[in-house]
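Listing of query_12.tsv; format and content: TSV, C-alpha atoms.
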chain	number	residue	atom	x	y	z
A	1	MET	CA	16.45	-17.64	-0.16
A	2	ARG	CA	16.29	-15.19	-3.04
A	3	ILE	CA	13.92	-12.37	-2.11
A	4	TRP	CA	12.78	-10.27	-5.05
A	5	VAL	CA	11.73	-6.71	-4.24
A	6	ILE	CA	9.42	-5.19	-6.87
A	7	PHE	CA	9.00	-1.40	-6.86
A	8	GLY	CA	8.53	1.71	-8.96
A	9	SER	CA	5.72	1.46	-11.55
A	10	ARG	CA	3.66	4.19	-13.23
A	11	THR	CA	2.27	6.02	-10.22
A	12	PRO	CA	2.50	9.49	-8.64
A	13	GLU	CA	4.28	7.76	-5.75
A	14	HIS	CA	7.08	6.41	-7.95
A	15	ASP	CA	9.91	8.18	-6.11
A	16	VAL	CA	8.48	7.23	-2.72
A	17	SER	CA	8.48	3.60	-3.86
A	18	ILE	CA	12.18	3.78	-4.78
A	19	ALA	CA	13.08	5.20	-1.37
A	20	SER	CA	10.94	2.60	0.43
A	21	ALA	CA	12.35	-0.28	-1.60
A	22	TYR	CA	15.90	0.85	-0.92
A	23	ALA	CA	15.21	0.88	2.83
A	24	VAL	CA	13.67	-2.60	2.69
A	25	MET	CA	16.45	-4.05	0.53
A	26	GLN	CA	19.08	-2.67	2.91
A	27	ALA	CA	17.18	-4.17	5.85
A	28	ILE	CA	17.13	-7.59	4.15
A	29	LYS	CA	20.85	-7.34	3.31
A	30	ILE	CA	21.92	-6.21	6.77
A	31	HIS	CA	19.53	-8.09	9.02
A	32	THR	CA	19.06	-11.43	7.21
A	33	SER	CA	21.11	-14.00	5.34
A	34	HIS	CA	18.87	-13.89	2.25
A	35	ASP	CA	19.86	-12.65	-1.19
A	36	VAL	CA	17.88	-9.63	-2.37
A	37	ILE	CA	17.19	-8.92	-6.05
A	38	PRO	CA	15.77	-5.55	-7.16
A	39	LEU	CA	13.03	-5.66	-9.77
A	40	TYR	CA	12.40	-2.06	-10.80
A	41	ILE	CA	9.56	-0.89	-13.06
A	42	THR	CA	10.25	2.52	-14.61
A	43	ARG	CA	7.66	5.20	-15.29
A	44	GLU	CA	7.69	4.02	-18.93
A	45	TRP	CA	6.92	0.40	-17.89
A	46	GLU	CA	10.45	-0.78	-18.61
A	47	ARG	CA	11.56	-3.50	-16.23
A	48	ILE	CA	15.07	-3.59	-14.80
A	49	ILE	CA	16.49	-6.58	-12.96
A	50	SER	CA	19.93	-5.68	-11.67
A	51	GLU	CA	21.90	-5.75	-8.44
A	52	LYS	CA	23.25	-2.35	-9.52
A	53	LEU	CA	19.99	-0.95	-8.15
A	54	LEU	CA	21.10	-1.79	-4.62
A	55	VAL	CA	23.04	1.48	-4.97
A	56	LEU	CA	20.63	4.39	-4.75
A	57	LYS	CA	22.61	6.70	-7.06
A	58	GLN	CA	21.97	4.36	-10.00
A	59	PHE	CA	18.40	5.67	-10.22
A	60	LYS	CA	19.58	9.16	-11.15
A	61	ASP	CA	20.84	7.98	-14.55
A	62	LEU	CA	19.53	4.79	-16.15
A	63	SER	CA	21.49	5.14	-19.39
A	64	TRP	CA	23.30	1.88	-18.58
A	65	PHE	CA	20.01	-0.02	-18.82
A	66	SER	CA	18.74	-1.98	-21.82
A	67	PRO	CA	15.13	-3.32	-21.77
A	68	SER	CA	14.49	-6.80	-20.38
A	69	GLY	CA	11.49	-8.88	-19.45
A	70	LEU	CA	9.54	-8.99	-16.23
A	71	PRO	CA	10.13	-12.47	-14.78
A	72	VAL	CA	7.14	-14.48	-13.68
A	73	VAL	CA	8.02	-17.70	-11.91
A	74	SER	CA	6.89	-21.18	-12.84
A	75	LYS	CA	8.69	-23.49	-10.44
A	76	LYS	CA	7.95	-26.72	-12.27
A	77	SER	CA	9.38	-25.67	-15.62
A	78	GLY	CA	12.05	-23.12	-14.76
A	79	ALA	CA	10.98	-19.53	-15.22
A	80	VAL	CA	8.97	-17.59	-17.73
A	81	PHE	CA	8.36	-13.90	-18.17
A	82	PHE	CA	6.09	-11.41	-19.87
A	83	GLN	CA	7.79	-9.39	-22.58
A	84	SER	CA	6.26	-6.24	-24.01
A	85	THR	CA	6.07	-6.23	-27.82
A	86	GLU	CA	4.60	-3.89	-30.43
A	87	GLY	CA	1.56	-6.15	-30.68
A	88	GLY	CA	0.98	-6.40	-26.93
A	89	TRP	CA	2.33	-8.91	-24.41
A	90	LEU	CA	4.26	-12.06	-25.22
A	91	LEU	CA	4.71	-14.94	-22.78
A	92	SER	CA	8.26	-16.19	-23.22
A	93	SER	CA	10.76	-18.49	-21.50
A	94	LYS	CA	14.18	-17.38	-22.71
A	95	LYS	CA	15.59	-16.62	-19.28
A	96	GLU	CA	15.55	-18.40	-15.96
A	97	TYR	CA	15.31	-16.76	-12.58
A	98	GLN	CA	14.91	-18.33	-9.19
A	99	ILE	CA	12.38	-16.50	-7.03
A	100	ASP	CA	11.63	-17.85	-3.56
A	101	CYS	CA	9.55	-14.91	-2.32
A	102	LEU	CA	8.37	-11.58	-3.74
A	103	ARG	CA	8.18	-8.37	-1.70
A	104	ASN	CA	5.85	-5.76	-3.15
A	105	ILE	CA	6.99	-2.18	-2.47
A	106	CYS	CA	5.03	-0.50	-5.26
A	107	HIS	CA	3.09	2.44	-3.80
A	108	GLY	CA	-0.25	3.60	-5.15
A	109	GLU	CA	-1.81	2.71	-8.47
A	110	ASN	CA	-0.36	-0.06	-10.63
A	111	GLY	CA	1.20	-1.89	-7.71
A	112	GLU	CA	-0.40	-1.29	-4.33
A	113	ASP	CA	-3.91	-1.73	-5.74
A	114	GLY	CA	-3.80	-5.53	-5.92
A	115	CYS	CA	-2.06	-5.79	-9.32
A	116	VAL	CA	1.20	-7.28	-8.07
A	117	SER	CA	-0.28	-9.50	-5.37
A	118	GLY	CA	-2.88	-10.77	-7.86
A	119	LEU	CA	-0.11	-11.64	-10.32
A	120	ALA	CA	1.80	-13.49	-7.59
A	121	GLN	CA	-1.32	-15.44	-6.71
A	122	LEU	CA	-1.91	-16.26	-10.38
A	123	ILE	CA	1.58	-17.70	-10.83
A	124	ASN	CA	1.64	-19.42	-7.41
A	125	LEU	CA	4.42	-17.35	-5.86
A	126	PRO	CA	4.80	-16.48	-2.13
A	127	ILE	CA	4.48	-12.72	-1.66
A	128	VAL	CA	4.84	-10.39	1.31
A	129	SER	CA	1.73	-8.29	0.80
A	130	VAL	CA	-1.80	-8.13	2.12
A	131	TRP	CA	-4.58	-10.08	0.43
A	132	THR	CA	-5.32	-8.84	-3.11
A	133	LEU	CA	-8.86	-7.63	-2.36
A	134	ALA	CA	-7.73	-5.90	0.86
A	135	GLU	CA	-5.02	-4.11	-1.10
A	136	TRP	CA	-7.47	-2.83	-3.68
A	137	ILE	CA	-9.94	-1.68	-1.04
A	138	SER	CA	-7.22	0.10	0.92
A	139	LEU	CA	-6.15	2.26	-2.03
A	140	ASP	CA	-9.75	3.25	-2.81
A	141	LYS	CA	-10.66	5.69	-0.03
A	142	GLU	CA	-14.41	5.38	-0.66
A	143	MET	CA	-14.44	1.59	-0.50
A	144	MET	CA	-12.17	1.68	2.53
A	145	LYS	CA	-14.57	3.99	4.39
A	146	ASN	CA	-17.48	1.70	3.48
A	147	VAL	CA	-15.67	-1.29	4.97
A	148	PHE	CA	-14.71	0.68	8.09
A	149	ALA	CA	-18.36	1.66	8.53
A	150	GLN	CA	-19.35	-2.02	8.40
A	151	LEU	CA	-16.84	-2.64	11.19
A	152	TRP	CA	-18.46	0.18	13.20
A	153	LEU	CA	-15.23	2.16	13.34
A	154	PRO	CA	-15.41	5.91	14.11
A	155	LEU	CA	-15.09	8.06	10.96
A	156	VAL	CA	-15.21	11.78	10.28
A	157	PRO	CA	-18.28	12.83	8.24
A	158	TYR	CA	-17.54	12.78	4.49
A	159	LEU	CA	-19.07	12.89	1.01
A	160	THR	CA	-17.80	11.52	-2.31
A	161	TYR	CA	-18.60	12.61	-5.85
A	162	HIS	CA	-17.87	11.37	-9.34
A	163	LYS	CA	-16.29	13.79	-11.80
A	164	ASP	CA	-18.28	16.99	-12.43
A	165	SER	CA	-21.08	15.98	-10.06
A	166	ALA	CA	-20.15	17.79	-6.84
A	167	ASN	CA	-23.05	19.54	-5.11
A	168	ILE	CA	-21.63	22.55	-3.27
A	169	ALA	CA	-24.93	23.25	-1.50
A	170	GLU	CA	-25.09	19.66	-0.23
A	171	ILE	CA	-21.47	19.79	0.94
A	172	GLU	CA	-21.95	23.04	2.88
A	173	SER	CA	-25.21	21.87	4.47
A	174	THR	CA	-23.77	18.47	5.46
A	175	LEU	CA	-20.16	19.22	6.38
A	176	THR	CA	-18.43	22.12	8.14
A	177	TYR	CA	-15.30	24.09	7.29
A	178	PRO	CA	-12.42	23.51	7.31
A	179	LEU	CA	-12.83	20.74	4.76
A	180	PHE	CA	-10.25	18.37	3.32
A	181	VAL	CA	-10.54	17.46	-0.35
A	182	LYS	CA	-8.84	14.29	-1.60
A	183	PRO	CA	-8.56	12.32	-4.84
A	184	VAL	CA	-10.06	8.94	-3.96
A	185	ASN	CA	-7.24	6.83	-5.42
A	186	LEU	CA	-4.06	8.70	-4.54
A	187	GLY	CA	-1.94	8.19	-1.43
A	188	SER	CA	0.81	9.95	0.52
A	189	SER	CA	-1.31	13.14	0.81
A	190	ILE	CA	-0.74	13.86	-2.91
A	191	TRP	CA	-3.03	16.72	-4.03
A	192	VAL	CA	-4.92	16.76	-0.73
A	193	SER	CA	-6.19	20.30	-0.14
A	194	ARG	CA	-7.56	22.17	2.86
A	195	ALA	CA	-10.51	24.44	2.10
A	196	MET	CA	-11.57	27.21	4.50
A	197	ASN	CA	-14.37	28.67	2.35
A	198	GLN	CA	-16.45	28.04	-0.76
A	199	ALA	CA	-13.96	29.52	-3.21
A	200	GLU	CA	-11.14	27.32	-1.87
A	201	LEU	CA	-13.48	24.33	-1.88
A	202	ILE	CA	-14.35	24.74	-5.57
A	203	THR	CA	-10.68	25.11	-6.51
A	204	ALA	CA	-9.68	22.07	-4.41
A	205	ILE	CA	-12.35	19.91	-6.05
A	206	GLU	CA	-11.18	20.92	-9.54
A	207	VAL	CA	-7.57	20.08	-8.61
A	208	ALA	CA	-8.57	16.66	-7.22
A	209	TRP	CA	-10.64	15.87	-10.31
A	210	TYR	CA	-7.68	16.58	-12.52
A	211	TYR	CA	-5.94	13.58	-10.93
A	212	ASP	CA	-8.87	11.25	-10.28
A	213	ALA	CA	-12.43	10.59	-11.44
A	214	ARG	CA	-13.72	10.68	-7.88
A	215	VAL	CA	-13.21	13.15	-5.06
A	216	MET	CA	-13.75	12.80	-1.30
A	217	ILE	CA	-14.57	15.76	0.95
A	218	GLU	CA	-14.13	15.28	4.70
A	219	ASN	CA	-14.74	17.32	7.81
A	220	GLY	CA	-11.57	18.69	9.35
A	221	VAL	CA	-10.72	17.72	12.93
A	222	HIS	CA	-10.12	20.56	15.37
A	223	ASN	CA	-7.23	20.45	17.85
A	224	LEU	CA	-5.75	17.80	15.59
A	225	GLN	CA	-3.19	15.22	16.61
A	226	GLU	CA	-2.24	12.78	13.81
A	227	LEU	CA	-1.36	9.30	15.02
A	228	ASN	CA	-0.10	6.12	13.33
A	229	CYS	CA	0.11	2.51	14.40
A	230	SER	CA	1.26	-0.55	12.47
A	231	VAL	CA	0.23	-4.17	12.83
A	232	MET	CA	1.33	-7.61	11.64
A	233	GLU	CA	1.11	-11.30	12.44
A	234	LYS	CA	4.06	-12.46	14.52
A	235	ASP	CA	4.46	-16.09	15.58
A	236	GLY	CA	0.77	-16.69	14.90
A	237	GLU	CA	-0.35	-13.70	16.99
A	238	VAL	CA	-1.61	-10.30	15.79
A	239	VAL	CA	0.64	-7.64	17.31
A	240	SER	CA	0.80	-3.86	17.00
A	241	THR	CA	3.68	-1.43	17.16
A	242	GLU	CA	3.77	1.52	19.50
A	243	VAL	CA	1.67	4.53	18.49
A	244	GLU	CA	3.70	7.22	16.75
A	245	GLU	CA	2.91	10.91	16.39
A	246	PRO	CA	4.29	12.67	13.31
A	247	THR	CA	4.49	16.43	13.76
A	248	THR	CA	4.08	19.11	11.14
A	249	ASN	CA	4.58	22.82	10.61
A	250	GLU	CA	1.53	22.92	8.34
A	251	ALA	CA	-2.23	22.63	8.89
A	252	PHE	CA	-1.92	18.94	8.07
A	253	LEU	CA	0.81	16.46	7.18
A	254	THR	CA	1.50	17.18	3.50
A	255	PHE	CA	3.48	15.14	0.98
A	256	GLU	CA	6.33	17.66	1.28
A	257	GLU	CA	6.37	17.38	5.07
A	258	LYS	CA	6.46	13.61	4.84
A	259	TYR	CA	9.25	13.26	2.32
A	260	THR	CA	10.97	16.34	0.89
A	261	SER	CA	10.90	19.32	3.23
A	262	ASP	CA	14.18	20.21	4.97
A	263	SER	CA	12.16	20.84	8.12
A	264	GLY	CA	9.95	17.78	7.67
A	265	GLY	CA	10.95	14.27	6.80
A	266	THR	CA	8.59	12.34	9.04
A	267	MET	CA	9.08	9.19	6.97
A	268	LYS	CA	12.84	9.67	7.43
A	269	TRP	CA	12.32	10.19	11.14
A	270	THR	CA	14.04	13.56	11.10
A	271	LYS	CA	14.93	14.47	14.67
A	272	GLY	CA	12.04	16.11	16.47
A	273	LYS	CA	9.46	15.24	13.77
A	274	VAL	CA	8.21	11.92	15.15
A	275	LYS	CA	7.36	10.97	18.73
A	276	VAL	CA	7.29	7.33	19.84
A	277	PRO	CA	5.39	6.59	21.92
A	278	ALA	CA	2.90	9.35	21.14
A	279	GLU	CA	1.88	11.69	23.92
A	280	ILE	CA	-1.72	10.53	24.29
A	281	PRO	CA	-3.92	9.20	27.12
A	282	ALA	CA	-3.53	5.49	27.89
A	283	GLU	CA	-7.18	4.91	26.98
A	284	ILE	CA	-6.68	6.36	23.48
A	285	GLU	CA	-3.53	4.29	22.98
A	286	ALA	CA	-5.42	1.13	23.95
A	287	ARG	CA	-8.27	1.97	21.55
A	288	ILE	CA	-5.85	2.57	18.67
A	289	LYS	CA	-4.09	-0.75	19.22
A	290	ALA	CA	-7.45	-2.52	19.41
A	291	TYR	CA	-8.67	-0.84	16.21
A	292	VAL	CA	-5.55	-1.75	14.17
A	293	LYS	CA	-5.92	-5.39	15.15
A	294	GLU	CA	-9.62	-5.31	14.27
A	295	ILE	CA	-8.85	-3.81	10.85
A	296	PHE	CA	-6.03	-6.29	10.26
A	297	VAL	CA	-8.28	-9.28	10.92
A	298	GLY	CA	-11.55	-7.85	9.59
A	299	CYS	CA	-10.02	-6.77	6.27
A	300	HIS	CA	-7.95	-9.98	5.83
A	301	MET	CA	-4.58	-8.23	5.78
A	302	THR	CA	-2.82	-11.23	7.26
A	303	TRP	CA	0.09	-11.48	4.82
A	304	GLY	CA	1.40	-7.95	5.28
A	305	ALA	CA	2.23	-5.26	7.82
A	306	PRO	CA	-0.09	-2.29	7.18
A	307	ARG	CA	-0.10	1.02	9.03
A	308	VAL	CA	-3.36	2.61	10.15
A	309	ASP	CA	-3.58	6.39	10.45
A	310	PHE	CA	-5.81	8.12	13.00
A	311	LEU	CA	-7.10	11.65	13.69
A	312	TYR	CA	-7.49	12.68	17.32
A	313	ASP	CA	-9.18	15.80	18.70
A	314	LYS	CA	-7.19	16.57	21.84
A	315	GLU	CA	-9.94	18.77	23.29
A	316	SER	CA	-13.08	16.70	22.64
A	317	LYS	CA	-11.14	13.39	23.03
A	318	ASN	CA	-12.77	12.08	19.85
A	319	LEU	CA	-10.71	9.52	17.92
A	320	TYR	CA	-11.29	8.77	14.22
A	321	VAL	CA	-9.87	6.12	11.90
A	322	ASN	CA	-8.50	7.98	8.87
A	323	GLU	CA	-7.11	5.36	6.49
A	324	VAL	CA	-5.00	2.23	6.19
A	325	ASN	CA	-1.74	2.12	4.26
A	326	VAL	CA	-0.86	-1.44	3.30
A	327	THR	CA	2.65	-0.51	2.09
A	328	PRO	CA	3.83	2.36	4.30
A	329	GLY	CA	6.64	4.65	3.15
A	330	SER	CA	10.00	2.99	3.91
A	331	MET	CA	7.83	0.25	5.42
A	332	GLN	CA	8.04	2.43	8.55
A	333	LEU	CA	11.16	0.54	9.56
A	334	PRO	CA	12.12	3.13	12.22
A	335	LEU	CA	8.70	2.72	13.89
A	336	ARG	CA	9.11	-1.04	13.98
A	337	LYS	CA	12.64	-0.73	15.32
A	338	ALA	CA	11.45	1.65	18.05
A	339	SER	CA	8.67	-0.80	18.92
A	340	TRP	CA	10.44	-4.14	18.70
A	341	ARG	CA	14.14	-3.21	18.49
A	342	ASP	CA	14.97	-6.20	16.26
A	343	LEU	CA	14.52	-5.50	12.53
A	344	TRP	CA	15.80	-8.99	11.71
A	345	GLU	CA	12.81	-10.45	13.54
A	346	PHE	CA	10.42	-8.14	11.66
A	347	VAL	CA	11.79	-8.90	8.20
A	348	GLU	CA	12.10	-12.65	8.80
A	349	GLY	CA	8.63	-12.71	10.34
A	350	LEU	CA	7.05	-11.23	7.22
A	351	ILE	CA	8.84	-13.70	4.95
A	352	ALA	CA	7.85	-16.64	7.16
A	353	THR	CA	4.21	-15.48	7.22
A	354	ALA	CA	4.16	-15.18	3.41
A	355	GLN	CA	5.46	-18.73	3.08
A	356	LYS	CA	3.01	-20.02	5.68
A	357	TYR	CA	-0.07	-18.66	3.91
A	358	HIS	CA	1.25	-19.65	0.51
A	359	ALA	CA	1.60	-23.23	1.77
A	360	LEU	CA	-1.95	-23.15	3.10
A	361	SER	CA	-3.21	-22.03	-0.33
A	362	GLN	CA	-1.79	-25.13	-2.03
A	363	LYS	CA	-4.82	-27.31	-1.30
A	364	SER	CA	-6.40	-29.03	-4.26
A	365	ILE	CA	-9.40	-27.21	-5.72
A	366	ASP	CA	-10.06	-29.62	-8.56
A	367	HIS	CA	-13.69	-30.55	-9.11
A	368	SER	CA	-14.01	-32.99	-11.98
A	369	SER	CA	-17.29	-33.16	-13.86
A	370	THR	CA	-18.82	-34.28	-17.16
A	371	ILE	CA	-19.53	-30.70	-18.33
A	372	LEU	CA	-16.98	-30.90	-21.15
A	373	ASP	CA	-18.42	-34.19	-22.46
A	374	HIS	CA	-21.96	-32.79	-22.37
A	375	THR	CA	-20.83	-29.63	-24.18
A	376	ILE	CA	-19.09	-31.60	-26.94
A	377	THR	CA	-22.16	-33.84	-27.35
A	378	TYR	CA	-24.45	-30.80	-27.53
A	379	LEU	CA	-22.29	-29.12	-30.18
A	380	GLU	CA	-22.12	-32.30	-32.28
A	381	ASN	CA	-25.88	-32.83	-32.08
A	382	ASN	CA	-26.64	-29.23	-33.04
A	383	LYS	CA	-24.37	-28.78	-36.05
A	384	LYS	CA	-25.97	-26.85	-38.83

Kindly return the structure encoded in the file as structure tokens.
Amino acid sequence: MRIWVIFGSRTPEHDVSIASAYAVMQAIKIHTSHDVIPLYITREWERIISEKLLVLKQFKDLSWFSPSGLPVVSKKSGAVFFQSTEGGWLLSSKKEYQIDCLRNICHGENGEDGCVSGLAQLINLPIVSVWTLAEWISLDKEMMKNVFAQLWLPLVPYLTYHKDSANIAEIESTLTYPLFVKPVNLGSSIWVSRAMNQAELITAIEVAWYYDARVMIENGVHNLQELNCSVMEKDGEVVSTEVEEPTTNEAFLTFEEKYTSDSGGTMKWTKGKVKVPAEIPAEIEARIKAYVKEIFVGCHMTWGAPRVDFLYDKESKNLYVNEVNVTPGSMQLPLRKASWRDLWEFVEGLIATAQKYHALSQKSIDHSSTILDHTITYLENNKK
């Protein structure tokens, strides 16, 4: 099959998306017999379709690129694509591309928020991604917490505010320092701040509001141990990975520690920065694996392989669900390899699941009626 990997887009996590897509494309090339086609969206919304992008260095200089259209499949009539024009968007059919399955590796806004999976659903294309609504909810931290609360999952106390509406007195009477301040719709710990006092809290809120219209303030967890666990459907059964423990030199796992720091690199699995399995009590491990399966089923994430992040207080033994990441950095391939050993099985399993649920969605939903006839008759009888 021809597996198209879409990534990039206009998002603060653009570079993370490139790195993740590269890891996934290499996994498909090495561990499967499928063809992989990169479909890269630049920060300026230009769309590049080229096998040159299987070489990571090509992203450093895109001068070789000339604009092209974003292909959107229509299997009955060849292929069509949307082309950006001065007047807006034009639906055209000048080129033909065969797409058997789409893999969404866009992180954050304009990709991981349901845009790409919704487009795939609209054009009837199999996609490896969680359900569109689940994707949108997962990127919106406030909505995600609301859903978790409905599932009776343990959460740290938190408050959210729209821009310029934060009530410092309410925050300090409801929550306790240290506090973590987050933009509601950004991922990968981007512009997450730790506040130890009122002055730091006010500054952190202003920073978060610069990047988002809503801000979330959460209680910090003492004696913190950050834990991750991924989940997917495999051969019709919901299965989890092992629990991993990323380690950090900071007060919390920052964007730099995840991706760019010479002493960090948890997403790269730098030696000594990630422990699998995590050093936690067996009871906590069992609860985490039960929670990820509950979230996977309860939030209808069946088509994908999300990772759920947890906060654990080693002294009080309290465990909290932090957030779900439907498209983890580098798809957490090292975690899956450490858990299941066989990356071929993981990649093929996701593709097979996407095709399975796409086939199930092909049922007829036609409901014929006489509404059109009645409307025409009404209009003809009420002409002025």

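With all atoms listed in the file taken into account, every residue lying no more than 10 Å from the file point (-14.8, 17.5, -8.1) is included here: Thr160, Tyr161, His162, Lys163, Asp164, Ser165, Ala166, Asn167, Ile168, Val181, Lys182, Pro183, Leu201, Ile202, Thr203, Ala204, Ile205, Glu206, Val207, Ala208, Trp209, Tyr210, Asp212, Ala213, Arg214, Val215, Met216 and Ile217 of chain A.
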
Legend entry - Proximity to Asn228 in chain A - best of A:Ala199, A:Leu335, A:Ala282, A:Leu153, all atoms listed in the file: A:Leu335

Inset, instruction - Name all residues at most 12 Å from Gln26 in chain A (count all atoms listed in the file; drop same-chain ones fewer than 6 positions away) and give them as a VMD selection string. - result: chain A and resid 5 19 to 20 32 to 38 53 to 56 330 to 331 333 343 to 344 347

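Note that CA of Asn197 in chain A and CA of Glu172 in chain A are 9.5 Å apart.
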
Inset, instruction - Show which residues sit within 10 Å of range 361-368 of chain A, as a PyMOL selection string. Count only C-alpha atoms, and ignore same-chain residues fewer than 3 positions away. - result: chain A and resi 121+124+126+355-358+371-372

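Of the listed residues A:Ile280, A:Ala23, A:Ile3, A:Cys106, the one whose atoms come nearest to Lys317 in chain A is A:Ile280, with distances taken using only C-alpha atoms.
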
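Ranking A:Pro154, A:Pro328, A:Gly304, A:Pro334 by their shortest atom-to-atom distance to Ala354 in chain A, with all atoms listed in the file included, puts A:Gly304 first.
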